[in-house]
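Shown next: target-v1.txt, given as compact mmCIF, C-alpha atoms.
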```
# COMPACT_ATOMS: atom_id res chain seq x y z
CA MET A 350 -86.20 -26.30 11.32
CA GLU A 351 -85.20 -24.09 8.47
CA ARG A 352 -87.73 -21.89 6.75
CA GLU A 353 -87.29 -23.66 3.40
CA ILE A 354 -88.09 -27.03 4.91
CA ILE A 355 -91.18 -25.67 6.65
CA GLU A 356 -92.37 -24.08 3.41
CA ARG A 357 -91.81 -27.25 1.41
CA LEU A 358 -93.69 -29.31 3.94
CA ALA A 359 -96.50 -26.76 3.91
CA ILE A 360 -96.77 -26.99 0.12
CA ASP A 361 -96.76 -30.79 0.28
CA ARG A 362 -99.49 -30.76 2.88
CA THR A 363 -101.65 -28.35 0.84
CA LEU A 364 -101.25 -30.52 -2.25
CA GLY A 365 -101.96 -33.73 -0.38
CA GLU A 366 -98.52 -35.18 -0.92
CA LEU A 367 -97.81 -35.84 2.74
CA ASP A 368 -98.85 -38.96 4.60
CA ALA A 369 -100.97 -38.70 7.73
CA ASP A 370 -98.10 -39.31 10.18
CA THR A 371 -95.94 -36.54 8.73
CA VAL A 372 -98.90 -34.17 8.73
CA ALA A 373 -99.46 -34.89 12.44
CA LEU A 374 -95.79 -34.25 13.22
CA LEU A 375 -95.79 -31.03 11.23
CA ASP A 376 -98.93 -29.77 12.96
CA ALA A 377 -97.41 -30.54 16.35
CA TYR A 378 -94.26 -28.63 15.46
CA LEU A 379 -96.14 -25.65 14.05
CA ALA A 380 -98.30 -25.50 17.15
CA GLU A 381 -95.21 -24.87 19.21
CA HIS A 382 -93.42 -22.45 16.86
CA ASP A 383 -95.28 -19.29 15.92
CA GLU A 384 -92.74 -18.06 13.40
CA ALA A 385 -92.69 -21.39 11.58
CA ARG A 386 -96.50 -21.40 11.56
CA GLN A 387 -96.50 -17.97 9.87
CA TRP A 388 -94.08 -19.18 7.20
CA ALA A 389 -96.18 -22.21 6.60
CA GLN A 390 -99.43 -20.25 6.44
CA ALA A 391 -97.96 -17.75 3.97
CA MET A 392 -96.76 -20.51 1.68
CA GLU A 393 -100.03 -22.44 1.94
CA GLN A 394 -101.93 -19.31 0.98
CA THR A 395 -99.68 -18.70 -2.03
CA CYS A 396 -100.10 -22.32 -3.05
CA ARG A 397 -103.89 -22.14 -2.87
CA GLN A 398 -104.00 -18.78 -4.66
CA THR A 399 -101.80 -20.07 -7.46
CA ARG A 400 -103.86 -23.23 -7.84
CA ASP A 401 -107.09 -21.21 -7.95
CA ALA A 402 -105.62 -18.73 -10.41
CA VAL A 403 -104.41 -21.43 -12.81
CA VAL A 404 -107.70 -23.31 -12.57
CA GLN A 405 -109.77 -20.16 -13.10
CA LYS A 406 -107.60 -18.98 -15.94
CA THR A 407 -107.72 -22.27 -17.81
CA GLN A 408 -111.45 -22.67 -17.23
CA SER A 409 -112.29 -19.09 -18.15
CA VAL A 410 -111.62 -19.60 -21.83
CA THR A 411 -114.23 -20.94 -24.19
CA PRO A 412 -115.45 -24.34 -23.07
CA TYR A 413 -113.98 -27.42 -24.60
CA ARG A 414 -115.71 -28.46 -27.79
CA GLN A 415 -118.05 -31.14 -26.64
CA LEU A 416 -116.98 -33.97 -28.83
CA SER A 417 -118.20 -37.43 -28.24
CA LEU A 418 -116.25 -40.35 -29.50
CA SER A 419 -119.36 -42.48 -29.46
CA SER A 420 -121.22 -40.09 -31.78
CA ASN A 421 -119.05 -41.05 -34.74
CA ARG A 422 -119.78 -44.71 -34.63
CA GLY A 423 -118.66 -46.52 -37.72
CA PRO A 424 -119.67 -49.96 -38.94
CA GLN A 425 -116.76 -51.48 -37.05
CA ASP A 426 -118.33 -50.31 -33.80
CA ILE A 427 -121.48 -52.38 -34.25
CA PRO A 428 -121.15 -55.51 -32.13
CA TRP A 429 -121.19 -58.89 -33.82
CA GLN A 430 -124.41 -59.84 -32.04
CA THR A 431 -126.25 -57.13 -33.97
CA TRP A 432 -124.84 -58.36 -37.25
CA GLY A 433 -125.81 -61.92 -36.27
CA ARG A 434 -129.39 -60.90 -35.46
CA TRP A 435 -129.80 -59.12 -38.78
CA ALA A 436 -128.36 -62.09 -40.67
CA ALA A 437 -130.77 -64.45 -38.89
CA VAL A 438 -133.75 -62.25 -39.79
CA ILE A 439 -132.71 -62.14 -43.45
CA LEU A 440 -132.17 -65.93 -43.57
CA VAL A 441 -135.57 -66.66 -42.02
CA SER A 442 -137.25 -64.26 -44.47
CA VAL A 443 -135.57 -65.89 -47.46
CA GLY A 444 -136.49 -69.38 -46.18
CA ILE A 445 -140.15 -68.43 -45.75
CA GLY A 446 -140.18 -66.92 -49.22
CA VAL A 447 -138.72 -70.05 -50.84
CA LYS A 448 -141.15 -72.35 -49.00
CA ALA A 449 -144.11 -70.20 -49.92
CA GLY A 450 -143.00 -70.22 -53.55
CA ARG A 451 -142.81 -74.02 -53.65
CA TRP A 452 -146.19 -74.58 -52.05
CA SER A 453 -148.09 -72.22 -54.31
CA ARG A 454 -149.68 -73.57 -57.61
CA THR A 455 -148.08 -72.94 -60.99
CA PRO A 456 -149.89 -69.96 -62.52
CA VAL A 457 -152.10 -70.87 -65.58
CA SER A 458 -153.48 -68.21 -67.86
CA SER A 459 -157.27 -68.30 -67.91
CA THR A 460 -157.77 -65.96 -70.87
CA GLU A 461 -156.93 -66.43 -74.54
CA THR A 462 -153.92 -64.57 -75.76
CA VAL A 463 -154.71 -61.89 -78.30
CA VAL A 464 -151.90 -61.00 -80.64
CA VAL A 465 -152.07 -57.48 -81.87
CA GLN A 466 -149.86 -56.67 -84.82
CA ALA A 467 -148.70 -53.13 -84.76
CA GLN A 468 -148.92 -51.24 -88.03
CA SER A 469 -145.72 -49.67 -89.21
CA PRO A 470 -145.83 -45.89 -89.06
CA GLU A 471 -144.41 -45.77 -92.55
CA ALA A 472 -147.36 -47.81 -93.85
CA GLY A 473 -149.66 -44.83 -93.72
CA SER A 474 -151.11 -43.88 -97.08
CA GLY A 475 -150.31 -43.75 -100.79
CA TRP A 476 -147.55 -45.93 -102.13
CA ARG A 477 -146.33 -46.76 -98.64
CA GLN A 478 -149.69 -48.40 -97.88
CA ARG A 479 -149.47 -50.35 -101.08
CA MET A 480 -145.89 -51.46 -100.39
CA SER A 481 -146.84 -52.73 -97.00
CA ARG A 482 -149.72 -54.78 -98.38
CA PRO A 483 -148.78 -58.42 -98.95
CA GLY A 484 -149.43 -60.30 -102.20
CA ARG A 485 -148.44 -57.63 -104.77
CA GLY A 486 -147.99 -58.51 -108.38
CA PHE A 487 -144.97 -57.71 -110.58
CA TRP A 488 -146.38 -54.59 -112.20
CA GLU A 489 -147.74 -53.28 -109.05
CA THR A 490 -144.33 -53.60 -107.40
CA LYS A 491 -142.72 -51.87 -110.36
CA ALA A 492 -145.20 -49.05 -110.28
CA VAL A 493 -144.74 -48.58 -106.60
CA ALA A 494 -140.96 -48.54 -107.01
CA MET A 495 -141.30 -45.77 -109.56
CA MET A 496 -143.56 -43.83 -107.24
CA GLN A 497 -140.97 -43.91 -104.47
CA VAL A 498 -139.29 -40.92 -106.05
CA GLU A 499 -141.97 -38.32 -105.87
CA PRO A 500 -141.32 -34.89 -107.26
CA GLY A 501 -140.60 -32.24 -104.66
CA GLU A 502 -140.01 -34.71 -101.93
CA THR A 503 -136.23 -34.91 -102.11
CA PRO A 504 -135.41 -31.19 -101.97
CA GLN A 505 -137.83 -30.67 -99.10
CA ALA A 506 -136.39 -33.62 -97.20
CA ARG A 507 -132.90 -32.41 -97.86
CA ALA A 508 -133.83 -28.92 -96.79
CA THR A 509 -134.94 -30.14 -93.44
CA GLN A 510 -131.53 -31.71 -92.90
CA LEU A 511 -129.63 -28.55 -93.88
CA GLY A 512 -128.45 -26.06 -91.36
CA LEU A 513 -129.36 -22.42 -91.39
CA TRP A 514 -126.11 -21.36 -93.04
CA ASP A 515 -126.39 -24.00 -95.81
CA ARG A 516 -129.96 -23.01 -96.51
CA TYR A 517 -128.92 -19.39 -96.75
CA ARG A 518 -126.16 -20.28 -99.23
CA GLN A 519 -128.52 -22.39 -101.25
CA SER A 520 -131.06 -19.61 -101.46
CA ARG A 521 -128.28 -17.19 -102.52
CA LYS A 522 -127.39 -19.57 -105.33
CA GLU A 523 -130.98 -19.83 -106.40
CA TRP A 524 -131.29 -16.03 -106.48
CA SER A 525 -128.13 -15.75 -108.53
CA TYR A 526 -129.53 -18.21 -111.06
CA GLU A 527 -132.67 -16.20 -111.27
CA MET B 348 -107.99 -50.58 -33.46
CA ALA B 349 -109.94 -53.36 -31.77
CA GLU B 350 -113.14 -52.58 -29.97
CA ARG B 351 -111.80 -52.83 -26.43
CA PRO B 352 -108.76 -50.51 -26.81
CA GLN B 353 -111.01 -48.03 -28.58
CA LYS B 354 -113.42 -48.00 -25.65
CA GLU B 355 -110.50 -47.73 -23.24
CA PHE B 356 -109.16 -44.80 -25.17
CA GLY B 357 -112.59 -43.16 -25.18
CA ARG B 358 -112.85 -43.45 -21.42
CA PHE B 359 -109.30 -42.20 -20.97
CA TRP B 360 -110.05 -39.25 -23.22
CA GLU B 361 -113.17 -38.39 -21.20
CA GLN B 362 -111.15 -38.49 -17.98
CA THR B 363 -108.17 -36.46 -19.11
CA ARG B 364 -109.34 -34.06 -21.85
CA ASP B 365 -109.94 -31.05 -19.59
CA ARG B 366 -106.58 -31.38 -17.89
CA VAL B 367 -104.73 -31.84 -21.17
CA ARG B 368 -106.42 -28.79 -22.55
CA ALA B 369 -105.63 -26.80 -19.41
CA TYR B 370 -101.99 -27.83 -19.70
CA MET B 371 -101.95 -26.81 -23.35
CA PHE B 372 -103.59 -23.51 -22.52
CA CYS B 373 -100.91 -22.85 -19.90
CA ALA B 374 -98.31 -23.15 -22.64
CA CYS B 375 -99.90 -21.20 -25.47
CA SER B 376 -102.43 -18.97 -23.64
CA ASN B 377 -104.86 -19.25 -26.49
CA ALA B 378 -108.04 -21.31 -26.46
CA ALA B 379 -108.00 -22.19 -30.16
CA ASP B 380 -104.34 -23.21 -30.09
CA ALA B 381 -104.95 -25.18 -26.91
CA ASP B 382 -107.71 -27.10 -28.66
CA ASP B 383 -105.48 -27.80 -31.65
CA LEU B 384 -102.63 -28.92 -29.43
CA ALA B 385 -104.90 -31.16 -27.37
CA GLN B 386 -106.29 -32.72 -30.52
CA GLU B 387 -102.80 -33.35 -31.87
CA CYS B 388 -101.78 -34.84 -28.54
CA TYR B 389 -104.70 -37.29 -28.52
CA LEU B 390 -104.05 -38.26 -32.12
CA ARG B 391 -100.50 -39.17 -31.19
CA ALA B 392 -101.71 -41.01 -28.12
CA LEU B 393 -104.23 -42.96 -30.20
CA ARG B 394 -101.59 -43.92 -32.75
CA ASN B 395 -99.25 -45.14 -30.02
CA TRP B 396 -101.88 -46.53 -27.68
CA SER B 397 -100.60 -50.07 -27.93
CA CYS B 398 -96.98 -48.90 -27.52
CA PHE B 399 -97.48 -48.05 -23.84
CA ASP B 400 -95.14 -50.42 -22.00
CA GLY B 401 -96.96 -50.30 -18.65
CA LYS B 402 -94.14 -48.51 -16.87
CA GLY B 403 -95.59 -45.67 -14.85
CA THR B 404 -99.10 -44.40 -15.33
CA ARG B 405 -101.07 -43.75 -18.49
CA GLN B 406 -101.49 -40.16 -17.39
CA ALA B 407 -97.78 -39.53 -17.16
CA TRP B 408 -97.40 -41.19 -20.56
CA LEU B 409 -100.12 -38.97 -22.01
CA PHE B 410 -98.67 -35.79 -20.56
CA ALA B 411 -95.24 -36.71 -21.87
CA ILE B 412 -96.87 -36.85 -25.31
CA ALA B 413 -98.56 -33.53 -24.54
CA ARG B 414 -95.24 -31.97 -23.63
CA ASN B 415 -93.61 -33.27 -26.83
CA THR B 416 -96.55 -31.91 -28.80
CA GLN B 417 -95.98 -28.49 -27.25
CA VAL B 418 -92.27 -28.62 -28.01
CA ASP B 419 -92.94 -29.56 -31.64
CA TRP B 420 -95.59 -26.88 -31.93
CA PHE B 421 -93.26 -24.15 -30.68
CA ARG B 422 -90.46 -25.43 -32.86
CA LYS B 423 -92.70 -25.41 -35.92
CA ARG B 424 -93.92 -21.93 -35.22
CA GLY B 425 -90.49 -20.57 -34.55
CA ARG B 426 -89.08 -18.80 -31.55
CA ASP B 427 -91.56 -15.94 -31.86
CA ALA B 428 -94.35 -18.29 -30.81
CA ARG B 429 -93.16 -18.39 -27.20
CA LEU B 430 -92.88 -14.62 -27.13
CA LEU B 431 -96.38 -14.32 -28.53
CA ALA B 432 -97.68 -16.77 -25.95
CA SER B 433 -96.04 -14.78 -23.17
CA GLU B 434 -97.47 -11.59 -24.61
CA GLU B 435 -100.92 -13.18 -24.68
CA ARG B 436 -100.55 -14.15 -21.04
CA LEU B 437 -99.41 -10.68 -20.04
CA HIS B 438 -102.01 -8.87 -22.14
CA PRO B 439 -104.91 -11.23 -22.63
CA SER B 440 -107.30 -10.55 -25.49
CA LYS B 441 -110.68 -9.01 -24.81
CA ALA B 442 -112.36 -12.23 -25.92
CA SER B 443 -111.30 -13.87 -22.67
CA SER B 444 -113.80 -13.86 -19.85
CA PRO B 445 -113.39 -11.24 -17.16
CA ILE B 446 -111.09 -12.56 -14.43
CA ALA B 447 -110.55 -11.14 -10.98
CA GLU B 448 -107.61 -8.82 -10.70
CA ASP B 449 -105.73 -10.94 -8.16
CA VAL B 450 -106.00 -13.93 -10.48
CA GLU B 451 -104.43 -11.90 -13.26
CA VAL B 452 -101.64 -10.80 -10.92
CA ILE B 453 -100.81 -14.40 -10.03
CA TRP B 454 -101.13 -15.52 -13.63
CA GLN B 455 -98.66 -12.86 -14.68
CA ALA B 456 -96.35 -13.84 -11.85
CA VAL B 457 -96.39 -17.41 -13.19
CA THR B 458 -95.59 -16.08 -16.65
CA HIS B 459 -92.49 -14.35 -15.35
CA LEU B 460 -91.06 -17.52 -13.82
CA ALA B 461 -88.24 -19.52 -15.36
CA THR B 462 -89.46 -22.20 -17.77
CA GLU B 463 -88.83 -25.19 -15.50
CA TYR B 464 -90.71 -23.57 -12.61
CA GLN B 465 -93.57 -22.62 -14.90
CA GLU B 466 -93.72 -26.16 -16.18
CA ALA B 467 -93.85 -27.60 -12.67
CA ILE B 468 -96.71 -25.26 -11.76
CA HIS B 469 -98.61 -25.95 -14.97
CA LEU B 470 -98.29 -29.69 -14.50
CA ARG B 471 -99.26 -29.62 -10.84
CA PHE B 472 -102.08 -27.09 -10.94
CA GLY B 473 -103.17 -27.14 -14.58
CA ALA B 474 -102.80 -30.83 -15.36
CA ASP B 475 -103.37 -31.92 -11.75
CA LEU B 476 -100.55 -34.46 -11.81
CA SER B 477 -98.91 -35.83 -8.69
CA TYR B 478 -95.24 -35.25 -7.89
CA ALA B 479 -94.43 -38.80 -8.94
CA GLU B 480 -96.23 -38.42 -12.26
CA ILE B 481 -94.50 -35.12 -13.00
CA ALA B 482 -91.15 -36.63 -12.11
CA GLU B 483 -91.78 -39.62 -14.34
CA MET B 484 -92.94 -37.42 -17.16
CA LEU B 485 -90.00 -35.03 -16.99
CA GLY B 486 -87.50 -37.76 -16.22
CA VAL B 487 -86.27 -36.11 -13.02
CA PRO B 488 -86.32 -37.17 -9.37
CA VAL B 489 -89.35 -36.34 -7.23
CA GLY B 490 -87.15 -34.10 -5.08
CA THR B 491 -86.40 -31.95 -8.11
CA VAL B 492 -90.11 -31.52 -8.82
CA ARG B 493 -90.72 -30.59 -5.19
CA SER B 494 -87.84 -28.12 -5.29
CA ARG B 495 -88.99 -26.50 -8.56
CA LEU B 496 -92.49 -26.13 -7.26
CA HIS B 497 -91.28 -24.58 -4.04
CA ARG B 498 -89.02 -22.09 -5.80
CA GLY B 499 -91.73 -21.19 -8.26
CA LEU B 500 -94.29 -20.58 -5.53
CA LYS B 501 -91.77 -18.61 -3.51
CA ALA B 502 -91.10 -16.36 -6.50
CA ILE B 503 -94.85 -15.88 -6.99
CA ARG B 504 -95.31 -14.94 -3.33
CA GLU B 505 -92.48 -12.41 -3.56
CA ARG B 506 -94.04 -10.90 -6.65
CA ILE B 507 -97.43 -10.65 -4.96
CA GLU B 508 -95.80 -8.97 -1.96
CA GLU B 509 -94.02 -6.52 -4.27
CA GLN B 510 -97.34 -5.69 -5.93
CA ASP B 511 -98.99 -5.20 -2.54
CA HIS B 512 -96.22 -2.88 -1.33
CA GLY B 513 -96.28 -1.00 -4.66
CA ALA B 514 -100.04 -0.46 -4.40
```

What is this structure when it is put down as structure tokens?
Amino acid sequence: MEREIIERLAIDRTLGELDADTVALLDAYLAEHDEARQWAQAMEQTCRQTRDAVVQKTQSVTPYRQLSLSSNRGPQDIPWQTWGRWAAVILVSVGIGVKAGRWSRTPVSSTETVVVQAQSPEAGSGWRQRMSRPGRGFWETKAVAMMQVEPGETPQARATQLGLWDRYRQSRKEWSYE
Amino acid sequence: MAERPQKEFGRFWEQTRDRVRAYMFCACSNAADADDLAQECYLRALRNWSCFDGKGTRQAWLFAIARNTQVDWFRKRGRDARLLASEERLHPSKASSPIAEDVEVIWQAVTHLATEYQEAIHLRFGADLSYAEIAEMLGVPVGTVRSRLHRGLKAIRERIEEQDHGA
């Protein structure tokens, strides 16, 4: 047999691509031919070395990122039995709640209701207290209306609404008048 | 994707991920790029999972996708990418783990082979595919795969012998 054929058969045998009968025939032939056996051995060695080198080289690099497809389970991965169980639990809970609500007595208040009327914060003192009092007469109402405009109240109230710049301008004006 | 195909894909991924990555590493000689390529390959496989027509094996189908992914990757990166990959194989970075000298010699011998011989060796030893699967994947007869593998290994042996005589 030619060297190339022997080498090819040797490679096939090393890689497990030969059937048992062919392997037996090849072994028988190689047993009788020393030169052919040397060719075959050399090629088998190269084949094994190359395989080991490629495997070592590819495995020597950083290990593959250990990802797990099952770790990123989404809602679509949950089986329908689980959904069914949860739905059954919720339905039973709602049913028990409704039944319990129907069987229980209607609540009746045992204490008398006390109505507390809150006093307006504006109805504090002075004319405001008088305005808030019911049953005023005509003159009293008139007098109170006149008292609504109290001296000194308006400028102070306005001053609180003014900004810093406006107050400064106002004070400048007042100084100029003085 | 329905539940069953997703589980099937998960199992398939578990079975083949290391070999796909090894095959990708053979092409680009860089762990990070190999990871990216493998990820891209599985994304494509997942998208086309239902398109598998049942002819041949799933593995051959997957590695055909892997090969196309490599081709697209090199095309996208330009022709310098292959040169860089070869350079990386010839002069590996210091980040790589220490490898025995004879392994490096053989690895470099593989790098110097013609592309079709390299591919046959990567698919047989890196991806651990059978002759029939490689033939189906590459669209060539089994005899061609056998022949490429033989010539590639012969060239490697000659290179090793040259190195031994030189030393």

Worksheet entry | Within 7 Å of chain A: residues of chain B, using only C-alpha atoms, as a PyMOL selection string | chain B and resi 350+357+369+372+378+443-444+450+453-454+472-473+497+500+504

I need the chosen residues saved as a compact mmCIF listing (two decimals), keeping the file's coordinate frame, with C-alpha atoms.
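Dumped everything to part02.txt:
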```txt
# COMPACT_ATOMS: atom_id res chain seq x y z
CA GLU B 350 -113.14 -52.58 -29.97
CA GLY B 357 -112.59 -43.16 -25.18
CA ALA B 369 -105.63 -26.80 -19.41
CA PHE B 372 -103.59 -23.51 -22.52
CA ALA B 378 -108.04 -21.31 -26.46
CA SER B 443 -111.30 -13.87 -22.67
CA SER B 444 -113.80 -13.86 -19.85
CA VAL B 450 -106.00 -13.93 -10.48
CA ILE B 453 -100.81 -14.40 -10.03
CA TRP B 454 -101.13 -15.52 -13.63
CA PHE B 472 -102.08 -27.09 -10.94
CA GLY B 473 -103.17 -27.14 -14.58
CA HIS B 497 -91.28 -24.58 -4.04
CA LEU B 500 -94.29 -20.58 -5.53
CA ARG B 504 -95.31 -14.94 -3.33
```

Worksheet item: In Å, with one decimal, what is the gap from atom CA of B:Leu485 to atom CA of B:Gln362?
Response: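 Going from atom CA of B:Leu485 over to atom CA of B:Gln362 covers 21.5 Å.
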
Worksheet item: In Å, how far is it from atom CA of A:Gln430 to atom CA of B:Glu355?
Response: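 That distance, rounded to one decimal, is 20.4 Å.
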
Discussion item. Could you list, as a list in words, every residue within 10 Å of B:Ile507, counting only C-alpha atoms and ignoring same-chain residues fewer than 6 positions away?
Written reply: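 My list of contacting residues is Thr395 of chain A; Asp449, Val452, Ile453, Ala456, Lys501 and Gly513 of chain B.
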
Deliver the residues from the most recent selection as a file, using C-alpha atoms, as a PDB file, in the coordinates of the input.
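Just written: out.pdb:
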```
ATOM      1  CA  THR A 395     -99.680 -18.700  -2.030  1.00  0.00           C
TER       2      THR A 395
ATOM      3  CA  ASP B 449    -105.730 -10.940  -8.160  1.00  0.00           C
ATOM      4  CA  VAL B 452    -101.640 -10.800 -10.920  1.00  0.00           C
ATOM      5  CA  ILE B 453    -100.810 -14.400 -10.030  1.00  0.00           C
ATOM      6  CA  ALA B 456     -96.350 -13.840 -11.850  1.00  0.00           C
ATOM      7  CA  LYS B 501     -91.770 -18.610  -3.510  1.00  0.00           C
ATOM      8  CA  GLY B 513     -96.280  -1.000  -4.660  1.00  0.00           C
TER       9      GLY B 513
END
```

Discussion item. Taking 2 positions as the minimum chain separation for residues in the same chain, which residues sit within 10 Å of B:Tyr389 when counting only C-alpha atoms? Answer as an NGL selection string.
Written reply: :B and (356 or 360 or 364 or 367 or 384-387 or 391-396 or 409 or 412-413 or 416)

Fill in: Selection: 8 Å around B:His469, all atoms listed in the file, excl. self and same-chain fewer than 5 positions, as JSON, numbers by chain
{"A": [403], "B": [370, 373, 474]}

Item to complete: Find the residues near B:Glu463: any atom within 9 Å, counting only C-alpha atoms, skip ones fewer than 4 places away on the same chain, and give them as an MDAnalysis selection string.
Response: chainID B and resid 467:468 495 499

Item to complete: Provide the atom CA of B:Glu508 to atom CA of A:Ala377 distance in Å, to one decimal place.
Response: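 Atom CA of A:Ala377 lies at a distance of 28.3 Å from atom CA of B:Glu508.
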